[in-house]
$ cat work-v4.txt   # compact mmCIF, C-alpha atoms
# COMPACT_ATOMS: atom_id res chain seq x y z
CA MET C 29 -28.02 54.96 0.44
CA ALA C 30 -25.24 52.71 -0.82
CA ALA C 31 -27.65 51.10 -3.28
CA GLY C 32 -28.65 54.54 -4.51
CA ARG C 33 -25.05 55.53 -5.08
CA GLY C 34 -24.43 52.27 -6.93
CA ALA C 35 -27.46 52.83 -9.17
CA ALA C 36 -26.33 56.38 -9.88
CA ALA C 37 -22.87 55.11 -10.80
CA LEU C 38 -24.41 52.57 -13.19
CA ARG C 39 -26.57 55.23 -14.85
CA ARG C 40 -23.57 57.52 -15.21
CA ALA C 41 -21.50 54.66 -16.66
CA TRP C 42 -24.24 53.88 -19.20
CA ARG C 43 -24.29 57.50 -20.34
CA GLU C 44 -20.52 57.43 -20.65
CA ARG C 45 -20.24 53.81 -21.79
CA ARG C 46 -17.45 54.49 -24.27
CA ALA C 47 -15.37 56.12 -21.53
CA ALA C 48 -16.25 53.22 -19.19
CA LEU C 49 -14.54 50.86 -21.61
CA LEU C 50 -11.48 52.97 -22.29
CA GLU C 51 -10.68 55.01 -19.19
CA PRO C 52 -8.91 53.22 -16.29
CA ARG C 53 -10.83 55.29 -13.70
CA TYR C 54 -13.82 53.05 -14.42
CA THR C 55 -11.89 49.90 -13.49
CA PRO C 56 -13.65 49.41 -10.09
CA LEU C 57 -17.09 49.43 -11.74
CA VAL C 58 -16.07 47.11 -14.58
CA ALA C 59 -14.28 44.84 -12.09
CA ALA C 60 -17.42 44.55 -9.97
CA CYS C 61 -19.54 43.61 -13.00
CA LEU C 62 -16.99 41.05 -14.20
CA CYS C 63 -16.65 39.45 -10.76
CA LEU C 64 -20.43 38.97 -10.62
CA ALA C 65 -20.38 37.49 -14.12
CA GLU C 66 -17.49 35.23 -13.21
CA GLY C 67 -19.45 33.75 -10.33
CA GLY C 68 -22.05 32.57 -12.83
CA VAL C 69 -19.46 31.42 -15.36
CA ASN C 70 -17.66 29.27 -12.78
CA LEU C 71 -20.92 27.68 -11.61
CA TRP C 72 -21.84 26.91 -15.22
CA VAL C 73 -18.41 25.38 -15.92
CA ILE C 74 -18.55 23.19 -12.79
CA ARG C 75 -22.04 21.89 -13.58
CA ARG C 76 -21.76 21.49 -17.34
CA VAL C 77 -18.11 20.67 -18.13
CA PRO C 78 -16.78 17.28 -16.99
CA TYR C 79 -14.06 17.32 -14.33
CA THR C 80 -10.71 15.96 -15.55
CA GLU C 81 -8.50 14.05 -13.13
CA ILE C 82 -4.82 14.94 -13.47
CA ASP C 83 -3.10 15.70 -10.16
CA TRP C 84 -5.83 16.01 -7.50
CA LYS C 85 -5.81 12.32 -6.59
CA ALA C 86 -1.99 12.36 -6.36
CA TYR C 87 -2.12 15.48 -4.15
CA MET C 88 -4.51 13.71 -1.79
CA GLN C 89 -2.32 10.59 -1.68
CA GLU C 90 0.75 12.68 -0.88
CA VAL C 91 -0.85 14.57 2.01
CA GLU C 92 -2.55 11.40 3.26
CA GLY C 93 0.91 9.99 3.95
CA PHE C 94 1.61 13.02 6.14
CA ALA C 95 -1.80 12.66 7.85
CA ASN C 96 -0.88 9.05 8.66
CA GLY C 97 2.34 10.16 10.37
CA THR C 98 4.98 9.93 7.62
CA LEU C 99 7.53 12.72 8.11
CA ASP C 100 10.25 11.45 5.77
CA TYR C 101 9.64 13.56 2.65
CA THR C 102 11.11 10.91 0.38
CA GLN C 103 8.30 8.55 1.40
CA LEU C 104 5.44 10.88 0.48
CA LYS C 105 4.21 9.77 -2.93
CA GLY C 106 1.19 9.67 -5.22
CA ASP C 107 0.19 8.00 -8.46
CA THR C 108 2.12 10.60 -10.47
CA GLY C 109 5.36 10.17 -8.49
CA PRO C 110 7.02 11.59 -5.38
CA LEU C 111 5.96 14.80 -3.63
CA VAL C 112 8.02 17.65 -5.14
CA TYR C 113 6.45 20.72 -3.48
CA PRO C 114 7.53 22.48 -0.26
CA ALA C 115 5.78 22.03 3.08
CA GLY C 116 3.23 24.83 2.70
CA PHE C 117 1.59 22.76 -0.05
CA VAL C 118 1.22 19.85 2.38
CA TYR C 119 -0.55 21.89 5.06
CA ILE C 120 -2.93 23.69 2.68
CA PHE C 121 -3.89 20.57 0.77
CA LEU C 122 -4.18 18.63 4.02
CA GLY C 123 -6.92 21.12 4.91
CA LEU C 124 -8.59 20.43 1.55
CA TYR C 125 -8.12 16.69 2.17
CA HIS C 126 -10.17 16.88 5.37
CA ALA C 127 -12.70 19.39 3.98
CA THR C 128 -13.52 17.17 0.99
CA GLY C 129 -13.82 13.83 2.78
CA ARG C 130 -10.26 12.66 2.12
CA GLY C 131 -10.40 14.14 -1.35
CA SER C 132 -13.43 12.14 -2.45
CA ASN C 133 -15.90 15.04 -2.74
CA ILE C 134 -14.65 16.46 -6.01
CA ARG C 135 -17.66 18.75 -6.50
CA LEU C 136 -17.03 20.46 -3.15
CA ALA C 137 -13.36 20.87 -4.07
CA GLN C 138 -14.44 22.52 -7.33
CA TYR C 139 -16.65 24.99 -5.46
CA ILE C 140 -13.75 25.79 -3.12
CA PHE C 141 -11.51 26.46 -6.11
CA ALA C 142 -14.24 28.60 -7.71
CA GLY C 143 -14.15 30.69 -4.52
CA LEU C 144 -10.37 30.82 -4.84
CA TYR C 145 -10.77 31.98 -8.45
CA LEU C 146 -12.99 34.88 -7.37
CA LEU C 147 -10.66 35.81 -4.50
CA ASN C 148 -7.70 35.76 -6.86
CA LEU C 149 -9.62 37.95 -9.31
CA LEU C 150 -10.49 40.48 -6.60
CA LEU C 151 -6.84 40.71 -5.56
CA VAL C 152 -5.74 41.19 -9.17
CA PHE C 153 -8.39 43.86 -9.77
CA ARG C 154 -7.30 45.69 -6.64
CA ILE C 155 -3.79 45.90 -8.10
CA TYR C 156 -5.12 47.16 -11.44
CA CYS C 157 -7.29 49.75 -9.70
CA ARG C 158 -4.18 51.09 -8.00
CA THR C 159 -2.05 51.17 -11.16
CA ASN C 160 -4.69 53.00 -13.25
CA LYS C 161 -3.02 51.94 -16.49
CA VAL C 162 -5.13 49.33 -18.28
CA PRO C 163 -8.33 50.28 -20.17
CA PRO C 164 -11.27 48.39 -18.60
CA TYR C 165 -12.38 46.66 -21.82
CA VAL C 166 -9.18 44.55 -21.64
CA PHE C 167 -10.40 42.88 -18.46
CA PHE C 168 -13.06 40.99 -20.39
CA PHE C 169 -10.24 39.04 -22.06
CA MET C 170 -8.67 38.47 -18.62
CA CYS C 171 -11.91 37.04 -17.25
CA CYS C 172 -14.74 35.43 -19.13
CA ALA C 173 -12.84 34.80 -22.37
CA SER C 174 -10.11 32.49 -21.01
CA TYR C 175 -11.07 28.82 -21.21
CA ARG C 176 -7.67 27.58 -20.02
CA ILE C 177 -7.62 29.60 -16.79
CA HIS C 178 -11.11 28.42 -15.77
CA SER C 179 -9.98 24.89 -16.50
CA ILE C 180 -6.83 25.23 -14.35
CA PHE C 181 -8.88 26.46 -11.39
CA VAL C 182 -12.14 24.51 -11.35
CA LEU C 183 -11.66 21.54 -13.69
CA ARG C 184 -8.10 20.50 -12.79
CA LEU C 185 -7.68 21.72 -9.17
CA PHE C 186 -3.94 22.39 -9.52
CA ASN C 187 -1.81 23.91 -6.77
CA ASP C 188 -0.54 26.71 -9.05
CA PRO C 189 -3.63 28.93 -8.49
CA VAL C 190 -3.24 28.58 -4.72
CA ALA C 191 0.34 29.86 -4.88
CA MET C 192 -0.60 32.72 -7.21
CA ALA C 193 -3.53 33.88 -5.07
CA ILE C 194 -1.24 34.13 -2.04
CA LEU C 195 1.34 35.95 -4.19
CA PHE C 196 -1.21 38.56 -5.33
CA LEU C 197 -2.21 39.10 -1.71
CA ALA C 198 1.47 39.72 -0.90
CA ILE C 199 1.74 42.25 -3.76
CA ASN C 200 -1.31 44.09 -2.41
CA LEU C 201 0.48 44.35 0.93
CA PHE C 202 3.63 45.67 -0.76
CA LEU C 203 1.51 48.37 -2.39
CA GLU C 204 0.26 49.34 1.07
CA GLU C 205 3.85 49.61 2.37
CA ARG C 206 3.34 46.56 4.59
CA TRP C 207 6.62 44.99 3.57
CA SER C 208 7.06 42.59 6.49
CA TRP C 209 3.61 41.05 6.11
CA GLY C 210 4.10 40.99 2.35
CA CYS C 211 7.38 39.10 2.70
CA LEU C 212 5.69 36.62 5.04
CA LEU C 213 2.98 35.88 2.50
CA PHE C 214 5.48 35.85 -0.37
CA SER C 215 7.38 33.12 1.47
CA LEU C 216 4.13 31.25 2.10
CA ALA C 217 3.42 31.33 -1.64
CA VAL C 218 6.91 29.95 -2.33
CA SER C 219 6.16 27.13 0.10
CA VAL C 220 3.20 26.09 -2.06
CA LYS C 221 5.09 26.11 -5.36
CA MET C 222 8.56 27.29 -6.31
CA ASN C 223 7.51 29.21 -9.42
CA ILE C 224 6.92 32.19 -7.10
CA LEU C 225 10.71 32.51 -6.93
CA LEU C 226 10.54 34.06 -10.41
CA PHE C 227 9.27 37.20 -8.65
CA ALA C 228 12.17 37.06 -6.14
CA PRO C 229 14.77 39.07 -8.15
CA GLY C 230 12.29 41.92 -8.52
CA LEU C 231 11.34 41.76 -4.85
CA LEU C 232 14.99 41.82 -3.77
CA PHE C 233 15.56 44.91 -5.94
CA LEU C 234 12.54 46.63 -4.37
CA LEU C 235 13.67 45.77 -0.84
CA LEU C 236 17.15 47.14 -1.53
CA GLN C 237 15.76 50.35 -3.00
CA ARG C 238 13.28 50.82 -0.17
CA PHE C 239 15.46 49.81 2.80
CA GLY C 240 19.08 49.43 1.67
CA LEU C 241 21.17 46.34 2.41
CA LEU C 242 20.97 46.42 6.20
CA GLY C 243 17.30 47.33 6.17
CA CYS C 244 16.26 44.51 3.87
CA ILE C 245 18.03 41.78 5.87
CA PRO C 246 15.18 41.52 8.44
CA LYS C 247 12.68 41.14 5.57
CA LEU C 248 14.75 38.35 4.04
CA CYS C 249 14.98 36.71 7.47
CA ILE C 250 11.17 36.68 7.64
CA CYS C 251 11.09 34.78 4.34
CA ALA C 252 13.75 32.31 5.47
CA LEU C 253 12.30 31.78 8.95
CA LEU C 254 8.87 30.87 7.63
CA GLN C 255 10.42 28.26 5.32
CA VAL C 256 12.27 26.74 8.26
CA LEU C 257 9.16 26.70 10.48
CA LEU C 258 6.97 25.14 7.81
CA GLY C 259 9.55 22.50 6.93
CA LEU C 260 10.68 21.81 10.50
CA PRO C 261 8.78 18.51 11.03
CA PHE C 262 10.38 17.14 7.86
CA LEU C 263 13.79 18.74 8.41
CA LEU C 264 14.09 17.04 11.80
CA VAL C 265 13.53 13.60 10.26
CA ASN C 266 15.33 13.79 6.90
CA PRO C 267 16.69 17.28 6.11
CA VAL C 268 18.47 16.27 2.91
CA GLY C 269 15.42 14.43 1.64
CA TYR C 270 13.16 17.41 2.30
CA LEU C 271 15.46 19.96 0.66
CA THR C 272 16.25 17.85 -2.39
CA ARG C 273 12.60 16.93 -3.00
CA SER C 274 10.85 20.23 -2.27
CA PHE C 275 13.46 22.57 -3.81
CA ASP C 276 14.75 20.47 -6.70
CA LEU C 277 15.88 23.08 -9.22
CA GLY C 278 17.32 20.48 -11.58
CA ARG C 279 14.18 18.38 -12.03
CA GLN C 280 13.72 17.03 -15.55
CA PHE C 281 10.43 17.74 -17.33
CA GLN C 282 8.67 15.41 -19.75
CA PHE C 283 8.79 16.53 -23.37
CA LYS C 284 5.20 15.42 -24.06
CA TRP C 285 3.81 18.14 -21.78
CA THR C 286 5.88 21.09 -22.97
CA VAL C 287 3.97 24.06 -24.38
CA ASN C 288 6.91 26.30 -25.24
CA TRP C 289 9.63 24.04 -26.68
CA ARG C 290 7.70 21.66 -28.93
CA PHE C 291 9.65 22.84 -31.99
CA LEU C 292 12.93 21.46 -30.56
CA PRO C 293 14.11 17.85 -30.82
CA GLU C 294 13.62 16.02 -27.52
CA GLU C 295 17.40 15.45 -27.19
CA ILE C 296 18.01 19.20 -27.12
CA PHE C 297 15.03 19.78 -24.79
CA GLN C 298 16.58 17.39 -22.24
CA ASN C 299 20.15 18.59 -22.76
CA ARG C 300 21.83 20.17 -19.73
CA ILE C 301 23.76 22.59 -21.94
CA PHE C 302 20.45 23.93 -23.26
CA HIS C 303 19.24 24.34 -19.66
CA ALA C 304 22.42 26.23 -18.76
CA ALA C 305 21.97 28.51 -21.80
CA LEU C 306 18.40 29.33 -20.68
CA LEU C 307 19.67 30.11 -17.18
CA LEU C 308 22.32 32.45 -18.58
CA ALA C 309 19.72 34.16 -20.78
CA HIS C 310 17.48 34.59 -17.74
CA LEU C 311 20.29 36.09 -15.65
CA ALA C 312 21.32 38.38 -18.52
CA GLY C 313 17.74 39.61 -18.95
CA LEU C 314 17.41 40.29 -15.23
CA GLY C 315 20.72 42.14 -15.23
CA LEU C 316 19.77 44.32 -18.20
CA PHE C 317 16.37 45.20 -16.78
CA ALA C 318 17.80 45.86 -13.30
CA LEU C 319 20.49 48.17 -14.68
CA HIS C 320 18.53 50.00 -17.36
CA ARG C 321 14.80 49.72 -16.58
CA TRP C 322 14.32 49.11 -12.88
CA HIS C 323 17.13 51.40 -11.72
CA SER C 324 15.99 54.88 -12.76
CA SER C 325 18.69 56.89 -10.97
CA LYS C 326 21.86 57.95 -12.79
CA GLU C 327 23.88 56.82 -9.79
CA ASN C 328 25.65 53.47 -9.73
CA ILE C 329 23.27 50.61 -8.96
CA LEU C 330 25.46 49.74 -5.96
CA THR C 331 24.06 52.83 -4.23
CA LEU C 332 21.03 50.64 -3.51
CA LEU C 333 23.13 48.97 -0.83
CA LYS C 334 23.28 52.24 1.12
CA ASP C 335 20.77 53.43 3.68
CA PRO C 336 18.12 55.36 1.66
CA ALA C 337 18.56 58.38 3.96
CA LYS C 338 22.27 58.60 3.04
CA ARG C 339 21.90 58.36 -0.74
CA LYS C 340 22.86 61.43 -2.75
CA PRO C 341 20.89 62.14 -4.81
CA ALA C 342 17.97 60.46 -3.06
CA SER C 343 16.43 57.44 -4.78
CA PRO C 344 13.10 58.06 -6.49
CA ARG C 345 10.06 57.14 -4.45
CA LEU C 346 8.62 53.68 -4.99
CA THR C 347 5.32 54.30 -6.73
CA VAL C 348 2.58 51.73 -7.19
CA ASN C 349 3.38 51.34 -10.88
CA ARG C 350 7.08 50.99 -10.21
CA ILE C 351 6.50 48.17 -7.72
CA VAL C 352 4.11 46.34 -10.03
CA PHE C 353 6.29 46.80 -13.12
CA ILE C 354 9.41 45.44 -11.40
CA LEU C 355 7.63 42.40 -9.94
CA PHE C 356 5.64 41.54 -13.08
CA SER C 357 8.60 42.00 -15.45
CA SER C 358 10.84 39.92 -13.16
CA ASN C 359 8.36 37.05 -13.35
CA PHE C 360 7.84 37.45 -17.09
CA LEU C 361 11.56 37.20 -17.79
CA GLY C 362 11.60 33.91 -15.90
CA VAL C 363 8.61 32.59 -17.83
CA CYS C 364 10.27 33.46 -21.15
CA CYS C 365 13.39 31.50 -20.18
CA SER C 366 11.67 28.53 -18.54
CA ARG C 367 13.02 25.07 -19.35
CA SER C 368 9.44 23.96 -19.90
CA LEU C 369 5.97 25.39 -19.53
CA HIS C 370 3.15 22.96 -18.80
CA TYR C 371 -0.49 23.86 -19.35
CA GLN C 372 -1.20 24.73 -15.72
CA PHE C 373 1.79 27.12 -15.72
CA TYR C 374 -0.27 29.60 -17.76
CA VAL C 375 -1.62 30.96 -14.48
CA TRP C 376 1.93 31.98 -13.50
CA TYR C 377 1.67 35.09 -15.66
CA PHE C 378 -1.78 35.22 -17.24
CA HIS C 379 -3.18 37.91 -14.93
CA THR C 380 -0.07 40.06 -15.38
CA LEU C 381 -0.27 40.20 -19.18
CA PRO C 382 -2.69 43.17 -19.42
CA TYR C 383 -0.37 45.26 -17.29
CA LEU C 384 2.75 44.20 -19.20
CA LEU C 385 1.07 45.17 -22.47
CA TRP C 386 -0.57 48.42 -21.38
CA CYS C 387 1.97 49.80 -18.88
CA THR C 388 3.75 51.47 -21.79
CA PRO C 389 2.27 54.44 -23.72
CA THR C 390 -0.45 53.17 -26.07
CA THR C 391 -1.78 55.03 -29.10
CA LYS C 392 -5.28 54.41 -30.45
CA LEU C 393 -3.91 52.25 -33.24
CA ALA C 394 -1.82 50.14 -30.84
CA HIS C 395 -4.79 48.77 -28.89
CA MET C 396 -5.78 46.22 -31.52
CA PRO C 397 -2.29 44.65 -31.91
CA LYS C 398 -2.07 44.29 -28.12
CA VAL C 399 -5.46 42.61 -27.93
CA LEU C 400 -4.36 40.38 -30.82
CA LEU C 401 -1.27 39.38 -28.83
CA LEU C 402 -3.47 38.36 -25.89
CA GLY C 403 -5.61 36.32 -28.27
CA VAL C 404 -2.68 34.52 -29.89
CA ILE C 405 -1.18 33.70 -26.48
CA GLU C 406 -4.54 32.29 -25.35
CA LEU C 407 -4.75 30.23 -28.56
CA CYS C 408 -1.25 28.84 -28.00
CA TRP C 409 -2.16 27.71 -24.49
CA ASN C 410 -5.43 26.18 -25.70
CA THR C 411 -3.70 24.10 -28.39
CA TYR C 412 -3.47 20.53 -27.06
CA PRO C 413 -1.18 18.84 -27.66
CA SER C 414 1.17 21.68 -28.43
CA THR C 415 2.56 21.93 -31.95
CA VAL C 416 5.64 23.40 -33.58
CA CYS C 417 3.49 26.32 -34.73
CA SER C 418 1.88 26.96 -31.32
CA SER C 419 5.16 26.90 -29.39
CA LEU C 420 6.93 29.13 -31.93
CA SER C 421 4.00 31.54 -31.87
CA LEU C 422 4.17 31.68 -28.07
CA HIS C 423 7.87 32.61 -28.18
CA ILE C 424 7.20 35.28 -30.81
CA CYS C 425 4.47 36.80 -28.63
CA HIS C 426 6.74 36.74 -25.58
CA GLY C 427 9.51 38.36 -27.62
CA LEU C 428 7.21 41.15 -28.80
CA ILE C 429 6.10 41.85 -25.22
CA LEU C 430 9.72 41.99 -24.08
CA LEU C 431 10.59 44.41 -26.90
CA GLN C 432 7.74 46.76 -26.07
CA LEU C 433 8.65 46.59 -22.36
CA TRP C 434 12.27 47.45 -23.18
CA TYR C 435 11.61 50.29 -25.62
CA GLY C 436 8.36 51.50 -24.08
CA THR C 437 9.89 52.02 -20.64
CA ALA C 438 13.19 53.55 -21.77
CA PRO C 439 14.22 56.44 -19.50
CA THR C 440 13.49 59.84 -20.98
CA ALA C 441 16.22 62.41 -21.40
CA VAL C 442 16.47 64.85 -18.49
CA SER C 443 17.14 68.50 -19.25
CA HIS C 444 20.11 69.99 -17.42
CA THR C 445 19.21 73.63 -18.13
CA PRO C 446 20.09 75.76 -15.09
CA PRO C 447 16.99 76.86 -13.16
CA SER C 448 15.72 80.30 -14.02
CA SER C 449 15.63 83.02 -11.41
CA LYS C 450 12.22 84.11 -12.66
CA LYS C 451 9.15 83.35 -10.64
CA PRO C 452 7.31 80.26 -11.82
CA THR C 453 4.31 80.81 -14.03
CA ALA C 454 0.87 79.46 -13.28
CA THR C 455 1.49 76.64 -15.77
CA SER C 456 4.73 75.60 -14.10
CA LYS C 457 3.10 75.69 -10.67
CA LYS C 458 0.40 73.37 -11.93
CA ALA C 459 2.99 70.94 -13.32
CA GLN C 460 4.76 70.90 -9.98
$ encode --input "work-v4.txt" --output "structure tokens"
Amino acid sequence: MAAGRGAAALRRAWRERRAALLEPRYTPLVAACLCLAEGGVNLWVIRRVPYTEIDWKAYMQEVEGFANGTLDYTQLKGDTGPLVYPAGFVYIFLGLYHATGRGSNIRLAQYIFAGLYLLNLLLVFRIYCRTNKVPPYVFFFMCCASYRIHSIFVLRLFNDPVAMAILFLAINLFLEERWSWGCLLFSLAVSVKMNILLFAPGLLFLLLQRFGLLGCIPKLCICALLQVLLGLPFLLVNPVGYLTRSFDLGRQFQFKWTVNWRFLPEEIFQNRIFHAALLLAHLAGLGLFALHRWHSSKENILTLLKDPAKRKPASPRLTVNRIVFILFSSNFLGVCCSRSLHYQFYVWYFHTLPYLLWCTPTTKLAHMPKVLLLGVIELCWNTYPSTVCSSLSLHICHGLILLQLWYGTAPTAVSHTPPSSKKPTATSKKAQ
């Protein structure tokens, strides 16, 4: 019976193939087709494209020290330097260490990461099915057309995809109103790699709007408690060493790997004043979006600190699109102001780009420029080594996305005409 329904859906989609490419209601069907295709693409990539060693061996060396009983975080090292990720990374990659014969079975590790790729894709598609914003044809560019993303997952075996997959699972839980479980998984993602903290300002805003100050404290405690529990073995031995290594916000990046700042002289790239300016720009962007795009009520933003039941007027309900927009835009602002973006960092925001581009009203003529933006961004990330032109182009694309987010989500004017005493018409009832 299920097979019959599936066949009927395929026949209907073929008859309405133009609508299947343009109307978001067909996203589940297109997502299913693309996931099947992606299984084949990943197998082809693993078997035909040579694996490139970058960090996998170092990851295995770092967790091997923990497996051998080393609990002083400053003593966990690999060929590329000291361990600089929180404890969740150690536990997850320790599991991969044992599953792959101490990291020696690279092909098995690639298959595991191919499975992670498909899981990540399913979680992302579930979000897009709920938002009902992006035309399905765009998902082809999010899947089969991205060489760099396939490389990050199955040819490089970085930890960034692991953190992002857990993050997308957390967002799915937020959309289901499972905020405590979502916060737990959000914290787990942070414990794999700190880039997840770029979503934290948006999450804090959502927690305040949904629960108020007192109500969001237990959720924040869940996040903090998990970090303590995961890091406890290392905190008991060398707390300062663990905190300074795993949460080093001032770490210097190498200029040779930067994708976004190649057009700057290296002296400026490494200058602390430049870093401070980027931090200020990031905070200013978050403040502007929080005040004028995330906060839709005309009341003072400080009303978010109140219990939602005591707010007058009541805060607007948190819709699926509102949750996704706040989280994705929070992360995107951080990416735009990053001190450096390395090639594997593309996965930090790649799967959010279709939503960021199509969450605003889109005319027929605007589809092509948005697809072109996706293409130019992909080209910038595929340019190795990065060039002055590629890094400048990336900033221009980011700037254009920010502008369309700012102007495309501007609050509409609300009419203050006194309500009429007449009975509502059939049209008005339908609108309500």
$ atom_distance --input "work-v4.txt" --atom1 "CA of Ala95 in chain C" --atom2 "CA of Tyr113 in chain C"
16.2 Å
$ atom_distance --input "work-v4.txt" --atom1 "CA of Phe227 in chain C" --atom2 "CA of Arg154 in chain C"
18.7 Å
$ atom_distance --input "work-v4.txt" --atom1 "CA of Pro336 in chain C" --atom2 "CA of Ile245 in chain C"
14.2 Å
$ residues_around --input "work-v4.txt" --residues "Trp72 in chain C" --least-positions-apart "6" --cutoff "12 Å" --atoms "all atoms listed in the file" --output "VMD selection string"
chain C and resid 65 to 66 78 138 to 139 142 172 178 182 to 183
$ closest_residue --input "work-v4.txt" --among "C:Arg345, C:Lys85, C:His310, C:His126" --to "Glu205 in chain C" --atoms "only C-alpha atoms"
C:Arg345
$ closest_residue --input "work-v4.txt" --among "C:Gly230, C:Pro341, C:Gly313, C:Pro267" --to "Leu433 in chain C" --atoms "all atoms listed in the file"
C:Gly313
$ axis_aligned_box --input "work-v4.txt" --around "range 351-357 of chain C" --padding-each-side "4 Å" --output "JSON"
{"center_x": 6.8, "center_y": 44.9, "center_z": -11.6, "size_x": 13.3, "size_y": 14.6, "size_z": 15.7}
$ residues_around --input "work-v4.txt" --residues "Leu150 in chain C" --least-positions-apart "6" --cutoff "9 Å" --atoms "only C-alpha atoms" --output "number ranges by chain"
C: 59-60, 63
$ closest_residue --input "work-v4.txt" --among "C:Asn160, C:Ser215, C:Asn70, C:Gln372" --to "Leu257 in chain C" --atoms "all atoms listed in the file"
C:Ser215
$ build_atoms --input "work-v4.txt" --residues "range 423-428 of chain C" --atoms "all heavy atoms" --output "tab-separated table (two decimals), in the frame of the given file"
chain	number	residue	atom	x	y	z
C	423	HIS	N	6.59	31.92	-28.34
C	423	HIS	CA	7.87	32.61	-28.18
C	423	HIS	C	7.88	33.96	-28.90
C	423	HIS	O	8.44	34.94	-28.39
C	423	HIS	CB	9.01	31.73	-28.69
C	423	HIS	CG	9.45	30.70	-27.70
C	423	HIS	ND1	10.14	31.02	-26.55
C	423	HIS	CD2	9.30	29.36	-27.69
C	423	HIS	CE1	10.40	29.92	-25.87
C	423	HIS	NE2	9.90	28.89	-26.53
C	424	ILE	N	7.26	34.01	-30.07
C	424	ILE	CA	7.20	35.28	-30.81
C	424	ILE	C	6.41	36.32	-30.00
C	424	ILE	O	6.82	37.48	-29.87
C	424	ILE	CB	6.58	35.06	-32.20
C	424	ILE	CG1	7.54	34.24	-33.08
C	424	ILE	CG2	6.27	36.40	-32.87
C	424	ILE	CD1	6.93	33.76	-34.38
C	425	CYS	N	5.28	35.88	-29.44
C	425	CYS	CA	4.47	36.80	-28.63
C	425	CYS	C	5.25	37.28	-27.41
C	425	CYS	O	5.23	38.47	-27.07
C	425	CYS	CB	3.18	36.11	-28.18
C	425	CYS	SG	2.01	35.80	-29.53
C	426	HIS	N	5.93	36.35	-26.74
C	426	HIS	CA	6.74	36.74	-25.58
C	426	HIS	C	7.83	37.73	-25.99
C	426	HIS	O	8.10	38.70	-25.28
C	426	HIS	CB	7.38	35.49	-24.96
C	426	HIS	CG	6.41	34.63	-24.22
C	426	HIS	ND1	6.76	33.40	-23.70
C	426	HIS	CD2	5.10	34.82	-23.90
C	426	HIS	CE1	5.70	32.87	-23.10
C	426	HIS	NE2	4.69	33.70	-23.21
C	427	GLY	N	8.46	37.47	-27.15
C	427	GLY	CA	9.51	38.36	-27.62
C	427	GLY	C	8.99	39.76	-27.91
C	427	GLY	O	9.64	40.76	-27.58
C	428	LEU	N	7.80	39.83	-28.50
C	428	LEU	CA	7.21	41.15	-28.80
C	428	LEU	C	6.87	41.91	-27.52
C	428	LEU	O	7.07	43.13	-27.44
C	428	LEU	CB	5.95	40.96	-29.65
C	428	LEU	CG	6.18	40.49	-31.09
C	428	LEU	CD1	4.86	40.17	-31.78
C	428	LEU	CD2	6.95	41.54	-31.89
